Amino acid sequence: MLTKILVNSGCVALLVGCTTPLYDVAIETPLTPKLDISKFQRVLIAGFVSGGTNEVNANQETARLLRSQLRRNSELQVIDSDVLPLLDIATDQFESSERGSASLQDNPTPRGGSTDGTNDDDLTGLIDGMTEETLESYETIFANIGYWRDLGEEYQDPLILTGTIYFSPHSRSGMVTREREVYDSFGRRRTVPIRTYRDREGFVLSPKFIFIDGATGITVYTEQHREEILYDASQNTPALSSYFELMDRMLPSVLNAFSTQSVQGSRTLFR
Amino acid sequence: MLQPISWTLALLLLVGTGVVRADERSDARDQVDFGIEVARRGLWKEAIYRWYRAIDLDPTYAAAWNNLAIALEREGQLEEALEAYENALDLEPNHLGIEQNYDLFLEAYDRVNQNSR
């Protein structure tokens with residue numbers, strides 16, 4: 001596309017420019033904001049319900065990363081507060097609602113297992129090996145309008161950013177294309193693509209960012225991503241660096257929700 | 001005798017229509033020129049009005065459609081801009097300048113749509 005535009009630019013200058021009066025004008029195409037944040041002055045990164053692996057504390061790391069990015073890239077004031085242990089809170093909420101309603105007995109529990117009241121101490125153990133489906137069952141916490149409204153009231157009705165973060169080891173085996181160096185009879189080096197069967201290991205990161213209006217407790221916008229990264233099985237890449245690498249891919253999109261952006265360019269008017 | 005008279009009438013009608021169309025094209029061109037002048041001064045809403053007027057006068061005026069598309073794009077009315085660019089290219093499919101504007105527009109349009117997805 002870019003090459004086509006460049007070639008066309010040359011042709012336009014040569015052909016059209018000589019015959020037709022033309023006027024270049026700068027234009028700025030506004031990108032529709034994903035979210036109207038005009039009513040908010042502050043943003044609270046509350047915390048995340050996280051699951052998948054214990055190697056990275058995805059709740060803490062995500063909250064820390066988003067806070068630092070928003071301090072640099074957003075006009076909203078980022079509220080300093082403790083990151084909420086949302087997995088614990090969601091479990092407590094579920095258990096109390098379960099005690100209060102017998103009709104919930106037939107429903108699956110957020111833990112995807114028994115409802116026999118596992119101790120809070122066991123919750124960290126729950127993160128490890130938690131499936132995406134189980135994590136989804138914790139999303140009922142985001143529908144608890146009263147909880148988020150109370151939290152919003154505590155911090156003067158900010159925009160609340162929360163959600164779920166699934167970060168888990170992931171492996172896949174299959175054919176991959178690699179470049180191999182070969183030398184011909186004259187000793188000249190060249191590379192040829194070869195297909196080989198490989199075991200690859202890495203991580204999958206699947207966050208769901210939920211934006212809640214702190215004044216009403218209502219979800220105003222949701223954004224979901226899924227990214228994976230795979231390395232050769234012989235490589236030993238730390239989970240935390242994989243987490244940041246995957247987060248880097250998603251951050252621009254998440255940060256876009258906080259600012260009005262535009263695409264700048266120029267166009268030519270003709271007579 | 002009747003036949004030459006009818007031919008003359010037909011010719012007069014054709015010439016007459018041609019004159020009217022030439023006038024309309026001339027008026028449309030004035031509107032386009034005025035639109036360009038005000039657009040270059042930043043008065044894009046006035047420019048949009050002028051280019052719509054030009055199109056009313058001469059719907060086959062590709063440059064008017066192109067200019068209108070640019071102004072609509074600038075105002076964030078992207079669907080309308082897309083339609084105007086397409087009209088311009090339908091009228092002059094080989095106009096490299098319009099084609100280039102259209103390509104650049106499509107890049108921006110894709111980004112906007114990605115953002116709102």
# chains A, B, ... in the order shown; residues from 1 in each chain; ligands from 1

$ closest_atom_pairs --of "region 184-225 of chain A" --to "region 55-77 of chain A" --cutoff "12 Å" --atoms "only C-alpha atoms" --output "CSV"
residue,atom,partner,partner_atom,distance
A:Phe203,CA,A:Glu55,CA,11.1
A:Leu205,CA,A:Ala58,CA,9.8
A:Ser206,CA,A:Ala58,CA,10.9
A:Pro207,CA,A:Thr62,CA,9.6
A:Lys208,CA,A:Thr62,CA,11.5
A:Phe209,CA,A:Thr62,CA,10.5

$ closest_residue --among "B:Asp23, B:Glu107, B:Glu46, B:Glu83" --to "chain A" --atoms "only C-alpha atoms"
B:Glu107

$ interface_residues --of "chain B" --to "chain A" --cutoff "6 Å" --atoms "only C-alpha atoms" --output "list of chain:residue names"
B:Ala63, B:Asn67, B:Arg74, B:Gly76, B:Leu96, B:Gly97, B:Gln100, B:Asn101, B:Val112, B:Ser116

$ atom_distance --atom1 "CA of Ile37 (chain A)" --atom2 "CA of Tyr221 (chain A)"
10.8 Å

$ residues_around --residues "region 145-154 of chain A" --least-positions-apart "6" --cutoff "8 Å" --atoms "only C-alpha atoms" --output "PyMOL selection string"
chain A and resi 160+212-218

$ write_last_selection --atoms "N, CA and C atoms" --output "PDB file, in the first residue's frame"
ATOM      1  N   ILE A 160     -12.846   3.222  37.062  1.00  0.00           N
ATOM      2  CA  ILE A 160     -12.169   2.058  37.661  1.00  0.00           C
ATOM      3  C   ILE A 160     -11.759   1.101  36.545  1.00  0.00           C
ATOM      4  N   ILE A 212     -15.074   0.490  34.606  1.00  0.00           N
ATOM      5  CA  ILE A 212     -16.308   0.683  35.378  1.00  0.00           C
ATOM      6  C   ILE A 212     -16.429   2.149  35.811  1.00  0.00           C
ATOM      7  N   ASP A 213     -17.619   2.676  35.670  1.00  0.00           N
ATOM      8  CA  ASP A 213     -17.887   4.039  36.132  1.00  0.00           C
ATOM      9  C   ASP A 213     -18.034   3.980  37.657  1.00  0.00           C
ATOM     10  N   GLY A 214     -17.102   4.616  38.365  1.00  0.00           N
ATOM     11  CA  GLY A 214     -17.095   4.558  39.825  1.00  0.00           C
ATOM     12  C   GLY A 214     -18.310   5.210  40.457  1.00  0.00           C
ATOM     13  N   ALA A 215     -18.986   6.074  39.727  1.00  0.00           N
ATOM     14  CA  ALA A 215     -20.165   6.757  40.287  1.00  0.00           C
ATOM     15  C   ALA A 215     -21.388   5.854  40.285  1.00  0.00           C
ATOM     16  N   THR A 216     -21.465   4.968  39.295  1.00  0.00           N
ATOM     17  CA  THR A 216     -22.658   4.122  39.166  1.00  0.00           C
ATOM     18  C   THR A 216     -22.356   2.637  39.411  1.00  0.00           C
ATOM     19  N   GLY A 217     -21.102   2.256  39.293  1.00  0.00           N
ATOM     20  CA  GLY A 217     -20.737   0.844  39.441  1.00  0.00           C
ATOM     21  C   GLY A 217     -20.998   0.029  38.189  1.00  0.00           C
ATOM     22  N   ILE A 218     -21.373   0.723  37.132  1.00  0.00           N
ATOM     23  CA  ILE A 218     -21.739   0.020  35.886  1.00  0.00           C
ATOM     24  C   ILE A 218     -20.536  -0.080  34.946  1.00  0.00           C
TER      25      ILE A 218
END

$ residues_around --residues "Thr191 (chain A)" --least-positions-apart "2" --cutoff "12 Å" --atoms "only C-alpha atoms" --output "list in words"
Arg178, Glu179, Arg180, Glu181, Val182, Tyr183, Asp184, Arg188, Arg189, Pro193 and Ile194 of chain A

$ residues_around --residues "Gln235 (chain A)" --least-positions-apart "6" --cutoff "10 Å" --atoms "only C-alpha atoms" --output "MDAnalysis selection string"
chainID A and resid 200:202

$ closest_residue --among "B:Asp30, B:Asp110, B:Glu37, B:Glu99" --to "Leu78 (chain B)" --atoms "only C-alpha atoms"
B:Asp110
